[in-house]
file final-v8.cif (mmCIF, C-alpha atoms and all ligand atoms)
data_structure
loop_
_atom_site.label_atom_id
_atom_site.label_comp_id
_atom_site.auth_asym_id
_atom_site.auth_seq_id
_atom_site.Cartn_x
_atom_site.Cartn_y
_atom_site.Cartn_z
CA MET I 1 112.56 133.43 99.08
CA ASP I 2 108.79 133.19 98.56
CA PHE I 3 108.47 130.28 100.91
CA TYR I 4 111.20 131.14 103.43
CA ARG I 5 108.90 131.98 106.33
CA ILE I 6 107.41 128.52 106.35
CA CYS I 7 106.35 125.85 103.92
CA ALA I 8 105.13 122.28 104.06
CA LYS I 9 106.89 120.16 101.47
CA VAL I 10 104.80 117.21 100.35
CA ASP I 11 106.52 114.32 98.61
CA LEU I 12 104.12 112.87 96.03
CA ASN I 13 106.42 109.89 95.39
CA ALA I 14 106.22 108.98 99.07
CA ILE I 15 102.41 109.06 98.98
CA GLU I 16 102.37 106.79 95.93
CA GLU I 17 104.84 104.42 97.54
CA ASN I 18 102.68 104.22 100.66
CA ILE I 19 99.66 103.42 98.52
CA HIS I 20 101.63 100.77 96.70
CA ALA I 21 102.82 99.18 99.93
CA VAL I 22 99.21 98.96 101.12
CA LYS I 23 98.11 97.62 97.73
CA LEU I 24 100.52 94.70 98.18
CA ARG I 25 98.55 93.82 101.31
CA CYS I 26 95.18 94.42 99.63
CA PRO I 27 95.72 92.96 96.17
CA ASP I 28 92.02 92.23 95.59
CA GLN I 29 90.60 95.42 97.00
CA LYS I 30 89.81 98.80 95.52
CA ILE I 31 91.41 101.68 97.43
CA TYR I 32 89.61 104.88 98.37
CA ALA I 33 92.10 107.64 99.15
CA VAL I 34 90.71 109.46 102.17
CA MET I 35 90.97 113.20 101.42
CA LYS I 36 89.04 114.64 104.37
CA ALA I 37 90.31 117.67 106.28
CA ASP I 38 92.10 118.97 103.20
CA GLY I 39 93.90 115.67 102.82
CA TYR I 40 94.91 115.46 106.51
CA GLY I 41 96.34 118.95 106.15
CA PHE I 42 98.54 118.00 103.20
CA GLY I 43 96.25 119.55 100.54
CA ALA I 44 93.41 117.52 99.06
CA VAL I 45 93.28 118.94 95.54
CA PRO I 46 96.94 118.66 94.48
CA ILE I 47 97.13 115.14 95.91
CA ALA I 48 93.85 113.95 94.40
CA LYS I 49 94.90 115.40 91.05
CA ASP I 50 98.08 113.40 91.26
CA LEU I 51 96.19 110.24 92.23
CA GLU I 52 93.84 110.54 89.24
CA LYS I 53 96.69 108.91 87.29
CA ASP I 54 97.37 106.24 89.90
CA ASP I 55 95.66 103.00 88.89
CA GLU I 56 95.85 101.76 92.47
CA ILE I 57 93.38 104.43 93.56
CA TYR I 58 89.74 103.70 92.74
CA GLY I 59 88.16 106.80 94.27
CA TYR I 60 88.21 109.30 97.11
CA ALA I 61 86.51 109.68 100.46
CA ALA I 62 85.53 113.06 101.88
CA ALA I 63 83.95 113.84 105.24
CA THR I 64 81.58 116.56 104.06
CA ALA I 65 79.73 117.68 100.95
CA GLU I 66 81.90 120.80 100.71
CA GLU I 67 85.05 118.68 100.60
CA ALA I 68 83.53 116.67 97.77
CA TYR I 69 82.65 119.85 95.86
CA GLU I 70 86.22 121.09 96.17
CA LEU I 71 87.46 117.93 94.48
CA LEU I 72 84.79 118.15 91.78
CA GLU I 73 85.64 121.76 91.04
CA ALA I 74 89.26 120.73 90.58
CA GLY I 75 88.15 118.33 87.85
CA ILE I 76 88.43 115.10 89.80
CA LYS I 77 86.64 112.32 87.90
CA LYS I 78 87.04 109.18 90.00
CA PRO I 79 84.13 108.37 92.34
CA ILE I 80 83.84 110.45 95.51
CA LEU I 81 82.25 109.06 98.63
CA ILE I 82 81.11 111.18 101.58
CA LEU I 83 81.78 109.33 104.83
CA GLY I 84 79.82 111.61 107.16
CA PHE I 85 76.27 112.87 107.55
CA THR I 86 75.09 115.17 104.79
CA PHE I 87 72.47 117.86 105.35
CA THR I 88 69.49 117.99 102.99
CA HIS I 89 70.43 121.31 101.39
CA SER I 90 73.32 119.45 99.74
CA TYR I 91 71.32 116.53 98.36
CA GLU I 92 70.50 118.06 95.02
CA ARG I 93 74.07 118.90 94.12
CA ILE I 94 75.36 115.57 95.37
CA ILE I 95 72.93 113.72 93.16
CA ARG I 96 73.56 115.95 90.15
CA GLU I 97 77.30 115.45 90.45
CA GLY I 98 77.19 111.74 91.15
CA VAL I 99 78.80 111.95 94.59
CA ARG I 100 78.15 108.86 96.75
CA PRO I 101 76.41 109.57 100.05
CA VAL I 102 76.12 107.37 103.12
CA ILE I 103 72.53 106.46 103.99
CA PHE I 104 71.48 105.20 107.39
CA THR I 105 67.87 106.23 107.98
CA LYS I 106 64.62 105.78 106.10
CA LYS I 107 64.19 109.56 105.97
CA MET I 108 67.55 110.03 104.28
CA ALA I 109 66.62 107.40 101.72
CA ASP I 110 63.20 108.96 101.06
CA ASP I 111 64.67 112.44 100.70
CA TYR I 112 67.45 111.33 98.35
CA ALA I 113 64.93 109.37 96.29
CA SER I 114 62.58 112.31 95.99
CA TYR I 115 65.34 114.67 94.78
CA ALA I 116 66.61 111.98 92.42
CA ARG I 117 63.14 111.56 90.89
CA GLN I 118 62.90 115.29 90.27
CA LEU I 119 66.32 115.33 88.65
CA GLY I 120 65.79 112.12 86.69
CA LYS I 121 68.96 110.70 88.23
CA LYS I 122 70.11 107.71 90.25
CA VAL I 123 71.83 107.88 93.64
CA PHE I 124 74.71 105.48 94.24
CA CYS I 125 74.21 104.78 97.92
CA HIS I 126 76.55 103.41 100.52
CA ILE I 127 74.68 102.03 103.51
CA GLY I 128 76.42 102.91 106.77
CA VAL I 129 76.46 100.22 109.44
CA ASP I 130 77.27 100.83 113.10
CA THR I 131 79.08 97.76 114.40
CA GLY I 132 80.78 99.34 117.39
CA MET I 133 81.76 102.97 116.84
CA SER I 134 78.32 104.17 117.97
CA ARG I 135 78.82 107.11 115.63
CA ILE I 136 76.66 106.85 112.50
CA GLY I 137 75.05 103.94 110.69
CA TYR I 138 72.31 101.39 111.05
CA GLN I 139 72.34 99.15 114.11
CA VAL I 140 72.80 95.51 113.22
CA ASN I 141 69.44 93.81 113.64
CA GLU I 142 66.57 92.31 111.65
CA GLY I 143 64.61 95.56 111.83
CA SER I 144 67.42 97.50 110.13
CA ALA I 145 67.75 94.82 107.47
CA ASP I 146 64.00 94.99 106.81
CA GLU I 147 64.13 98.75 106.52
CA ILE I 148 67.10 98.76 104.14
CA ALA I 149 65.49 96.10 101.96
CA ALA I 150 62.26 98.13 101.90
CA ILE I 151 64.15 101.27 100.91
CA PHE I 152 65.65 99.67 97.83
CA LYS I 153 62.37 98.01 96.94
CA GLU I 154 60.45 101.25 97.21
CA HIS I 155 62.94 103.53 95.45
CA SER I 156 64.30 102.40 92.12
CA GLU I 157 66.33 105.65 92.04
CA LEU I 158 68.53 104.33 94.83
CA VAL I 159 71.27 101.98 93.68
CA PRO I 160 72.84 99.82 96.43
CA GLU I 161 76.42 100.44 95.40
CA GLY I 162 78.14 100.01 98.73
CA ILE I 163 77.86 99.08 102.36
CA PHE I 164 80.42 99.94 104.99
CA THR I 165 81.32 100.04 108.64
CA HIS I 166 84.19 101.60 110.57
CA PHE I 167 86.46 99.90 113.10
CA ALA I 168 87.03 101.55 116.47
CA ARG I 169 90.10 99.58 117.52
CA ALA I 170 91.84 98.22 114.43
CA ASP I 171 95.03 100.04 115.45
CA GLU I 172 95.64 98.12 118.67
CA GLY I 173 98.06 95.56 117.27
CA ALA I 174 97.93 91.83 117.89
CA ASP I 175 94.69 91.68 119.87
CA THR I 176 92.05 91.88 117.15
CA SER I 177 89.16 90.58 119.26
CA HIS I 178 87.19 93.83 119.15
CA THR I 179 87.71 94.23 115.42
CA ASP I 180 86.72 90.58 114.93
CA GLU I 181 83.44 91.26 116.73
CA GLN I 182 82.73 94.30 114.58
CA TYR I 183 83.64 92.34 111.46
CA ALA I 184 81.31 89.49 112.40
CA LYS I 185 78.45 91.95 112.97
CA PHE I 186 79.12 93.58 109.63
CA MET I 187 79.12 90.23 107.82
CA HIS I 188 75.91 89.30 109.62
CA MET I 189 74.26 92.49 108.34
CA ILE I 190 75.47 91.76 104.80
CA ASP I 191 74.07 88.22 105.07
CA MET I 192 70.71 89.43 106.40
CA LEU I 193 70.48 91.77 103.41
CA LYS I 194 71.52 89.06 100.98
CA VAL I 195 68.65 86.90 102.23
CA ARG I 196 66.37 89.85 101.48
CA GLY I 197 67.72 90.11 97.95
CA VAL I 198 69.93 93.18 98.49
CA ASN I 199 73.53 92.79 97.35
CA PHE I 200 76.28 95.38 97.31
CA LYS I 201 79.13 95.67 94.84
CA ILE I 202 81.48 97.41 97.24
CA ARG I 203 81.60 96.15 100.83
CA HIS I 204 84.21 98.04 102.83
CA CYS I 205 85.36 98.18 106.42
CA CYS I 206 89.14 98.65 106.60
CA ASN I 207 90.87 101.91 107.53
CA SER I 208 94.66 102.22 107.28
CA ALA I 209 95.46 100.03 110.26
CA ALA I 210 93.14 97.24 109.10
CA SER I 211 94.33 97.57 105.49
CA MET I 212 97.86 97.03 106.70
CA GLU I 213 97.35 94.15 109.07
CA TYR I 214 93.86 92.74 109.44
CA THR I 215 94.00 89.08 108.52
CA LYS I 216 90.36 88.44 107.59
CA ASP I 217 89.05 88.99 104.06
CA LYS I 218 89.28 92.74 103.51
CA LEU I 219 86.22 92.55 101.24
CA ASP I 220 85.90 94.77 98.16
CA ALA I 221 87.53 98.06 99.12
CA VAL I 222 89.61 99.74 101.80
CA ARG I 223 89.62 103.36 102.92
CA LEU I 224 93.18 104.55 103.21
CA GLY I 225 93.99 107.66 105.20
CA VAL I 226 96.83 108.23 107.59
CA THR I 227 99.24 105.60 106.19
CA MET I 228 98.98 107.04 102.70
CA TYR I 229 100.25 110.33 104.15
CA GLY I 230 103.26 108.61 105.68
CA MET I 231 102.09 108.58 109.28
CA TRP I 232 101.37 105.68 111.63
CA PRO I 233 97.80 104.84 112.68
CA SER I 234 99.17 104.21 116.19
CA ASP I 235 102.24 103.03 118.09
CA ASP I 236 100.84 99.50 118.18
CA VAL I 237 100.67 98.69 114.47
CA ASP I 238 103.50 96.66 113.02
CA HIS I 239 106.27 99.15 112.32
CA SER I 240 107.98 96.83 109.85
CA PHE I 241 105.54 98.23 107.28
CA PRO I 242 107.66 100.29 104.85
CA ILE I 243 106.20 103.71 105.49
CA HIS I 244 107.57 106.70 103.56
CA ARG I 245 107.45 110.07 105.25
CA ALA I 246 105.57 112.48 103.02
CA VAL I 247 105.73 115.85 104.72
CA SER I 248 108.34 118.22 106.05
CA LEU I 249 107.83 121.60 107.61
CA VAL I 250 110.60 124.06 106.96
CA SER I 251 111.31 127.65 108.02
CA HIS I 252 114.34 129.94 108.23
CA ILE I 253 116.08 131.93 110.96
CA VAL I 254 115.10 135.59 110.84
CA HIS I 255 117.04 136.98 113.79
CA LEU I 256 120.07 135.93 115.79
CA LYS I 257 121.67 137.27 118.96
CA THR I 258 123.47 136.27 122.13
CA ILE I 259 121.69 137.02 125.40
CA SER I 260 123.48 137.27 128.73
CA ALA I 261 122.93 135.03 131.77
CA GLY I 262 119.72 135.95 133.57
CA THR I 263 117.89 137.17 130.45
CA GLU I 264 114.32 135.92 130.04
CA VAL I 265 112.88 134.69 126.76
CA SER I 266 109.28 135.19 125.59
CA TYR I 267 105.96 135.74 127.42
CA GLY I 268 105.95 134.95 131.10
CA GLY I 269 109.74 134.63 131.28
CA THR I 270 109.42 130.86 131.64
CA TYR I 271 112.96 130.45 130.31
CA VAL I 272 115.92 132.29 131.80
CA ALA I 273 119.37 131.93 130.25
CA LYS I 274 121.80 130.34 132.73
CA ALA I 275 124.83 131.46 130.74
CA PRO I 276 125.40 133.56 127.63
CA THR I 277 123.13 131.88 125.06
CA LYS I 278 122.80 132.21 121.32
CA ILE I 279 119.12 132.60 120.45
CA ALA I 280 117.58 132.30 116.98
CA THR I 281 114.10 133.61 116.22
CA VAL I 282 112.03 131.43 113.90
CA PRO I 283 108.96 133.10 112.33
CA VAL I 284 106.51 130.27 113.04
CA GLY I 285 103.98 130.05 115.85
CA TYR I 286 100.83 128.42 117.07
CA ALA I 287 98.79 130.31 114.45
CA ASP I 288 100.54 128.08 111.94
CA GLY I 289 99.31 125.02 113.81
CA TYR I 290 102.56 124.47 115.67
CA PRO I 291 101.18 123.69 119.14
CA ARG I 292 101.93 126.18 121.91
CA SER I 293 102.08 123.21 124.27
CA LEU I 294 105.43 122.33 122.67
CA SER I 295 106.97 125.38 124.41
CA GLY I 296 110.11 124.23 126.19
CA LYS I 297 109.57 120.65 124.99
CA ALA I 298 110.23 120.23 121.29
CA ASP I 299 113.32 120.71 119.15
CA VAL I 300 113.91 122.00 115.66
CA ILE I 301 116.82 120.93 113.44
CA ILE I 302 119.39 123.43 112.17
CA HIS I 303 122.51 122.31 110.25
CA GLY I 304 121.61 118.71 111.15
CA LYS I 305 121.62 119.49 114.89
CA ARG I 306 118.68 119.44 117.27
CA CYS I 307 118.06 122.81 118.92
CA PRO I 308 115.58 123.17 121.79
CA ILE I 309 112.70 125.64 121.66
CA VAL I 310 113.08 127.98 124.64
CA GLY I 311 110.37 130.02 126.31
CA ARG I 312 106.77 130.16 125.17
CA ILE I 313 105.87 129.69 121.54
CA CYS I 314 104.11 132.87 120.38
CA MET I 315 101.33 133.19 117.82
CA ASP I 316 103.75 133.86 114.97
CA GLN I 317 107.27 133.36 116.29
CA MET I 318 109.39 131.15 118.51
CA MET I 319 112.90 131.22 119.89
CA VAL I 320 115.43 128.39 119.84
CA ASP I 321 118.76 127.88 121.54
CA VAL I 322 121.41 127.58 118.82
CA SER I 323 124.47 127.85 121.08
CA ASP I 324 125.69 124.42 119.89
CA VAL I 325 125.38 125.14 116.19
CA PRO I 326 128.64 126.42 114.70
CA ASP I 327 128.47 129.03 111.93
CA VAL I 328 124.75 129.59 112.36
CA ALA I 329 123.49 132.60 110.43
CA PRO I 330 120.26 134.45 109.60
CA MET I 331 118.31 132.80 106.77
CA ASP I 332 119.66 129.37 107.66
CA GLU I 333 117.13 126.61 107.18
CA VAL I 334 115.11 125.38 110.18
CA THR I 335 113.39 121.99 110.02
CA LEU I 336 110.36 121.70 112.29
CA ILE I 337 109.15 118.39 110.85
CA GLY I 338 111.28 116.18 108.66
CA LYS I 339 114.90 115.20 108.17
CA ASP I 340 118.09 117.21 108.15
CA GLY I 341 121.34 115.24 108.16
CA ASP I 342 121.06 112.37 110.62
CA GLU I 343 118.28 113.95 112.64
CA GLU I 344 114.58 113.54 112.03
CA ILE I 345 111.50 115.01 113.72
CA THR I 346 108.29 113.17 112.95
CA VAL I 347 104.68 114.22 113.28
CA GLU I 348 104.40 111.43 115.85
CA GLU I 349 107.18 112.93 117.99
CA LEU I 350 105.45 116.32 118.07
CA GLY I 351 102.09 114.64 118.61
CA ASP I 352 103.42 112.80 121.66
CA LEU I 353 105.27 115.77 123.14
CA SER I 354 102.28 118.06 122.76
CA GLY I 355 99.89 115.57 124.31
CA ARG I 356 97.95 115.52 121.08
CA PHE I 357 97.71 113.05 118.25
CA ASN I 358 99.61 112.76 114.98
CA TYR I 359 96.39 112.96 112.91
CA GLU I 360 95.32 116.08 114.80
CA LEU I 361 98.65 117.79 114.40
CA ALA I 362 98.66 117.18 110.64
CA CYS I 363 95.10 118.44 110.09
CA ASP I 364 95.86 121.54 112.12
CA LEU I 365 98.71 122.71 109.88
CA GLY I 366 97.43 126.22 109.30
CA ILE I 367 96.28 128.06 106.21
CA ARG I 368 99.26 130.41 106.48
CA ILE I 369 101.52 127.55 105.43
CA PRO I 370 102.02 127.22 101.68
CA ARG I 371 102.14 123.59 100.56
CA LEU I 372 104.75 122.69 97.94
CA TYR I 373 104.52 119.38 96.08
CA TYR I 374 107.58 117.47 94.95
CA ARG I 375 108.05 114.66 92.46
CA ASN I 376 111.50 113.13 92.06
CA GLY I 377 112.90 115.99 94.13
CA GLU I 378 111.45 118.69 91.90
CA MET I 379 108.66 121.07 92.84
CA VAL I 380 105.73 120.37 90.51
CA GLU I 381 102.79 122.12 92.17
CA LYS I 382 101.97 124.50 94.99
CA LYS I 383 98.98 125.45 97.05
CA LYS I 384 98.72 128.83 98.78
CA PHE I 385 95.88 130.25 100.77
CA TYR I 386 97.36 133.78 100.80
CA LYS I 387 98.44 135.21 97.47
C1 LIG G 401 88.91 108.88 108.63
C2 LIG G 401 88.27 107.63 108.21
C3 LIG G 401 89.02 106.63 107.56
C4 LIG G 401 90.53 106.69 107.40
O1 LIG G 401 91.15 106.39 108.63
P1 LIG G 401 92.74 106.22 108.72
O2 LIG G 401 92.97 105.71 110.07
O3 LIG G 401 93.31 107.59 108.51
O4 LIG G 401 93.12 105.30 107.63
C5 LIG G 401 88.35 105.54 107.07
N1 LIG G 401 87.02 105.41 107.23
C6 LIG G 401 86.27 106.33 107.86
C7 LIG G 401 84.80 106.12 108.01
C8 LIG G 401 86.87 107.47 108.38
O5 LIG G 401 86.12 108.38 109.02
#

call {"tool": "encode", "arguments": {"input": "final-v8.cif", "output": "structure tokens", "more": "lines below"}}
Ligand SMILES: *Cc1c(COP(=O)(O)O)cnc(C)c1O
result
Amino acid sequence: MDFYRICAKVDLNAIEENIHAVKLRCPDQKIYAVMKADGYGFGAVPIAKDLEKDDEIYGYAAATAEEAYELLEAGIKKPILILGFTFTHSYERIIREGVRPVIFTKKMADDYASYARQLGKKVFCHIGVDTGMSRIGYQVNEGSADEIAAIFKEHSELVPEGIFTHFARADEGADTSHTDEQYAKFMHMIDMLKVRGVNFKIRHCCNSAASMEYTKDKLDAVRLGVTMYGMWPSDDVDHSFPIHRAVSLVSHIVHLKTISAGTEVSYGGTYVAKAPTKIATVPVGYADGYPRSLSGKADVIIHGKRCPIVGRICMDQMMVDVSDVPDVAPMDEVTLIGKDGDEEITVEELGDLSGRFNYELACDLGIRIPRLYYRNGEMVEKKKFYK
């Protein structure tokens, strides 16, 4: 009963199948598995360990140096790329461990080069290019191209391994005009650098949505996040893509009773029973990352039947109306995300109902939730924050 309060079950087969389905659309590209935010809340280390054996995965992408270190400490050997800004106190370790940083200013290049000289090491750089996100990266112009060319000329410690940009609107379906503009800018930057004698082995621009459906040349690598985890990049991408759901969130009933008409449930008494109502208490709350804004909106599934959450979701508990579930009993399974019988609750459904976003909901799955990893229906690994 170790995991009865709550657990997130992660299906490793589903993740591999999602990668494979993307690979069929990117046959000539390397795939970076995006592991940021603890693997979108699913658990970066157990998943990366599993993907070490998957030939379709070339390397991993983290958002921060600390996320890269976590993978390294777990023995991950494939290349790790950091997609975000890295602060100088991390440079030394990054260089020593061969992690790939993004570079987008002269100062970053000079600092990396100076540490690399001291360590007698090379830095495998990925130049970041801002083609429309206005987030990080070089602006696309002759001045930037001159500066990048000068950087590689001046510092033999810096190896131009990669160049990348990030699309702001690749998930908007059929109208690709904005993505086309960003793509054209990116190719222009690559061309300007080519003229200056700087060539990159790994040019990459596609996130999940673009990996799935962008029709231009996807270049040398794609960065696969949300789709790998069995979630949709948006409502507008082509849903004929064979996505496999990879996570379910499961709890169990800890208390059961019938309340009389007029009885209030939870803080603020926002729900009042209209008739005698059978109420189950589920020991999961917003501290687990289950949004409080789903109070009175979302359902859970018990015995294959949807049961509405009633009253406010508390920090650690919630109440559901189980009047329509025959033979319900304490310790019965409660599915908060996933499938039970013919019913299914997706991360997207909860994202929509809570006014949030499927990505956000997944990354917010709390540290109180043990993650259990399944292969061919059998638990093969677990990750717990509390012992
Ligand atoms: C998060 C991120 C990705 C992955 O995006 P998905 O939509 O989850 O595939 C790719 N590239 C960069 C730069 C990112 O920050």

call {"tool": "residues_near_point", "arguments": {"input": "final-v8.cif", "point": "(104.7, 121.3, 104.7)", "cutoff": "12 Å", "atoms": "all atoms listed in the file", "output": "PyMOL selection string"}}
result
chain I and resi 3-11+40-43+229+245-251+288-290+335-338+347+361-374+382-384

call {"tool": "closest_atom_pairs", "arguments": {"input": "final-v8.cif", "of": "chain I", "to": "ligand LIG 401 (chain G)", "cutoff": "10 Å", "atoms": "all atoms listed in the file", "output": "tab-separated table"}}
result
residue	atom	partner	partner_atom	distance
I:Tyr32	CA	G:LIG401	C5	8.8
I:Ala33	CA	G:LIG401	C4	8.5
I:Val34	CA	G:LIG401	C4	5.9
I:Met35	CA	G:LIG401	C1	8.7
I:Lys36	CA	G:LIG401	C1	7.2
I:Ala37	CA	G:LIG401	C1	9.2
I:Gly39	CA	G:LIG401	O3	9.9
I:Tyr40	CA	G:LIG401	O3	8.3
I:Ala61	CA	G:LIG401	C5	8.0
I:Ala62	CA	G:LIG401	O5	8.6
I:Ala63	CA	G:LIG401	O5	7.0
I:Ile82	CA	G:LIG401	C7	9.0
I:Leu83	CA	G:LIG401	C7	5.4
I:Gly84	CA	G:LIG401	O5	7.3
I:Gly128	CA	G:LIG401	C7	9.1
I:Met133	CA	G:LIG401	C7	9.9
I:Arg135	CA	G:LIG401	C7	9.7
I:Ile136	CA	G:LIG401	C7	9.3
I:Phe164	CA	G:LIG401	C7	8.2
I:Thr165	CA	G:LIG401	C7	7.0
I:His166	CA	G:LIG401	C7	5.2
I:Phe167	CA	G:LIG401	N1	8.1
I:Ala168	CA	G:LIG401	O2	9.7
I:Ala170	CA	G:LIG401	O2	8.7
I:Asp171	CA	G:LIG401	O2	8.1
I:His204	CA	G:LIG401	N1	9.0
I:Cys205	CA	G:LIG401	N1	7.5
I:Cys206	CA	G:LIG401	C5	7.0
I:Asn207	CA	G:LIG401	O4	4.1
I:Ser208	CA	G:LIG401	O4	3.5
I:Ala209	CA	G:LIG401	O2	6.2
I:Ala210	CA	G:LIG401	O4	8.2
I:Ser211	CA	G:LIG401	O4	8.1
I:Met212	CA	G:LIG401	O4	9.6
I:Val222	CA	G:LIG401	C5	7.9
I:Arg223	CA	G:LIG401	C5	4.9
I:Leu224	CA	G:LIG401	O4	4.5
I:Gly225	CA	G:LIG401	O3	3.4
I:Val226	CA	G:LIG401	O3	3.7
I:Thr227	CA	G:LIG401	O4	6.3
I:Met228	CA	G:LIG401	O4	7.9
I:Tyr229	CA	G:LIG401	O3	8.6
I:Met231	CA	G:LIG401	O3	8.9
I:Trp232	CA	G:LIG401	O2	8.5
I:Pro233	CA	G:LIG401	O2	5.6
I:Ser234	CA	G:LIG401	O2	8.8
I:Tyr359	CA	G:LIG401	O3	7.6

call {"tool": "residues_around", "arguments": {"input": "final-v8.cif", "residues": "Asp235 (chain I)", "least_positions_apart": "3", "cutoff": "9 Å", "atoms": "all atoms listed in the file", "output": "PyMOL selection string"}}
result
chain I and resi 171-173+232+238-239+348

call {"tool": "atom_distance", "arguments": {"input": "final-v8.cif", "atom1": "CA of Ser323 (chain I)", "atom2": "CA of Lys274 (chain I)"}}
result
12.2 Å

call {"tool": "closest_atom_pairs", "arguments": {"input": "final-v8.cif", "of": "region 14-90 of chain I", "to": "region 196-202 of chain I", "cutoff": "12 Å", "atoms": "only C-alpha atoms", "output": "Markdown table"}}
result
| residue | atom | partner | partner_atom | distance |
| --- | --- | --- | --- | --- |
| I:Asp28 | CA | I:Ile202 | CA | 11.9 |
| I:Gln29 | CA | I:Ile202 | CA | 9.3 |
| I:Lys30 | CA | I:Ile202 | CA | 8.6 |
| I:Ile31 | CA | I:Ile202 | CA | 10.8 |
| I:Tyr32 | CA | I:Ile202 | CA | 11.1 |
| I:Tyr58 | CA | I:Ile202 | CA | 11.3 |
| I:Gly59 | CA | I:Ile202 | CA | 11.9 |
| I:Leu81 | CA | I:Ile202 | CA | 11.8 |

call {"tool": "atom_distance", "arguments": {"input": "final-v8.cif", "atom1": "CA of Arg117 (chain I)", "atom2": "CA of Lys153 (chain I)"}}
result
14.9 Å

call {"tool": "atom_distance", "arguments": {"input": "final-v8.cif", "atom1": "CA of Ile15 (chain I)", "atom2": "CA of Asn358 (chain I)"}}
result
16.7 Å

call {"tool": "residues_around", "arguments": {"input": "final-v8.cif", "residues": "Lys49 (chain I)", "least_positions_apart": "5", "cutoff": "12 Å", "atoms": "all atoms listed in the file", "output": "ChimeraX atom specification"}}
result
/I:12,33,35,39,43-44,54,57,59-60,70-78,373,380-381

call {"tool": "closest_residue", "arguments": {"input": "final-v8.cif", "among": "I:Gln182, I:Ser177, I:Asn376, I:Ser266", "to": "Met318 (chain I)", "atoms": "all atoms listed in the file"}}
result
I:Ser266

call {"tool": "build_atoms", "arguments": {"input": "final-v8.cif", "residues": "region 202-217 of chain I", "atoms": "N, CA and C atoms", "output": "PDB file, keeping the file's coordinate frame"}}
result
ATOM      1  N   ILE I 202      80.277  96.977  96.513  1.00  0.00           N
ATOM      2  CA  ILE I 202      81.480  97.410  97.240  1.00  0.00           C
ATOM      3  C   ILE I 202      81.214  97.345  98.750  1.00  0.00           C
ATOM      4  N   ARG I 203      81.709  96.273  99.372  1.00  0.00           N
ATOM      5  CA  ARG I 203      81.600  96.150 100.830  1.00  0.00           C
ATOM      6  C   ARG I 203      82.942  96.593 101.404  1.00  0.00           C
ATOM      7  N   HIS I 204      82.922  97.554 102.320  1.00  0.00           N
ATOM      8  CA  HIS I 204      84.210  98.040 102.830  1.00  0.00           C
ATOM      9  C   HIS I 204      84.183  98.318 104.320  1.00  0.00           C
ATOM     10  N   CYS I 205      85.280  97.969 104.981  1.00  0.00           N
ATOM     11  CA  CYS I 205      85.360  98.180 106.420  1.00  0.00           C
ATOM     12  C   CYS I 205      86.752  98.602 106.894  1.00  0.00           C
ATOM     13  N   CYS I 206      87.782  98.452 106.078  1.00  0.00           N
ATOM     14  CA  CYS I 206      89.140  98.650 106.600  1.00  0.00           C
ATOM     15  C   CYS I 206      89.631 100.087 106.449  1.00  0.00           C
ATOM     16  N   ASN I 207      90.121 100.661 107.547  1.00  0.00           N
ATOM     17  CA  ASN I 207      90.870 101.910 107.530  1.00  0.00           C
ATOM     18  C   ASN I 207      92.348 101.562 107.312  1.00  0.00           C
ATOM     19  N   SER I 208      93.242 102.516 107.521  1.00  0.00           N
ATOM     20  CA  SER I 208      94.660 102.220 107.280  1.00  0.00           C
ATOM     21  C   SER I 208      95.155 101.034 108.086  1.00  0.00           C
ATOM     22  N   ALA I 209      94.910 101.075 109.395  1.00  0.00           N
ATOM     23  CA  ALA I 209      95.460 100.030 110.260  1.00  0.00           C
ATOM     24  C   ALA I 209      94.975  98.655 109.802  1.00  0.00           C
ATOM     25  N   ALA I 210      93.680  98.535 109.526  1.00  0.00           N
ATOM     26  CA  ALA I 210      93.140  97.240 109.100  1.00  0.00           C
ATOM     27  C   ALA I 210      93.636  96.866 107.704  1.00  0.00           C
ATOM     28  N   SER I 211      93.800  97.854 106.830  1.00  0.00           N
ATOM     29  CA  SER I 211      94.330  97.570 105.490  1.00  0.00           C
ATOM     30  C   SER I 211      95.724  96.974 105.585  1.00  0.00           C
ATOM     31  N   MET I 212      96.490  97.480 106.547  1.00  0.00           N
ATOM     32  CA  MET I 212      97.860  97.030 106.700  1.00  0.00           C
ATOM     33  C   MET I 212      97.931  95.644 107.317  1.00  0.00           C
ATOM     34  N   GLU I 213      97.077  95.381 108.329  1.00  0.00           N
ATOM     35  CA  GLU I 213      97.350  94.150 109.070  1.00  0.00           C
ATOM     36  C   GLU I 213      96.172  93.290 109.451  1.00  0.00           C
ATOM     37  N   TYR I 214      94.958  93.630 109.059  1.00  0.00           N
ATOM     38  CA  TYR I 214      93.860  92.740 109.440  1.00  0.00           C
ATOM     39  C   TYR I 214      93.934  91.472 108.588  1.00  0.00           C
ATOM     40  N   THR I 215      93.746  90.337 109.232  1.00  0.00           N
ATOM     41  CA  THR I 215      94.000  89.080 108.520  1.00  0.00           C
ATOM     42  C   THR I 215      92.749  88.454 107.906  1.00  0.00           C
ATOM     43  N   LYS I 216      91.576  88.968 108.235  1.00  0.00           N
ATOM     44  CA  LYS I 216      90.360  88.440 107.590  1.00  0.00           C
ATOM     45  C   LYS I 216      90.239  89.022 106.184  1.00  0.00           C
ATOM     46  N   ASP I 217      89.297  88.485 105.406  1.00  0.00           N
ATOM     47  CA  ASP I 217      89.050  88.990 104.060  1.00  0.00           C
ATOM     48  C   ASP I 217      88.719  90.491 104.137  1.00  0.00           C
TER      49      ASP I 217
END
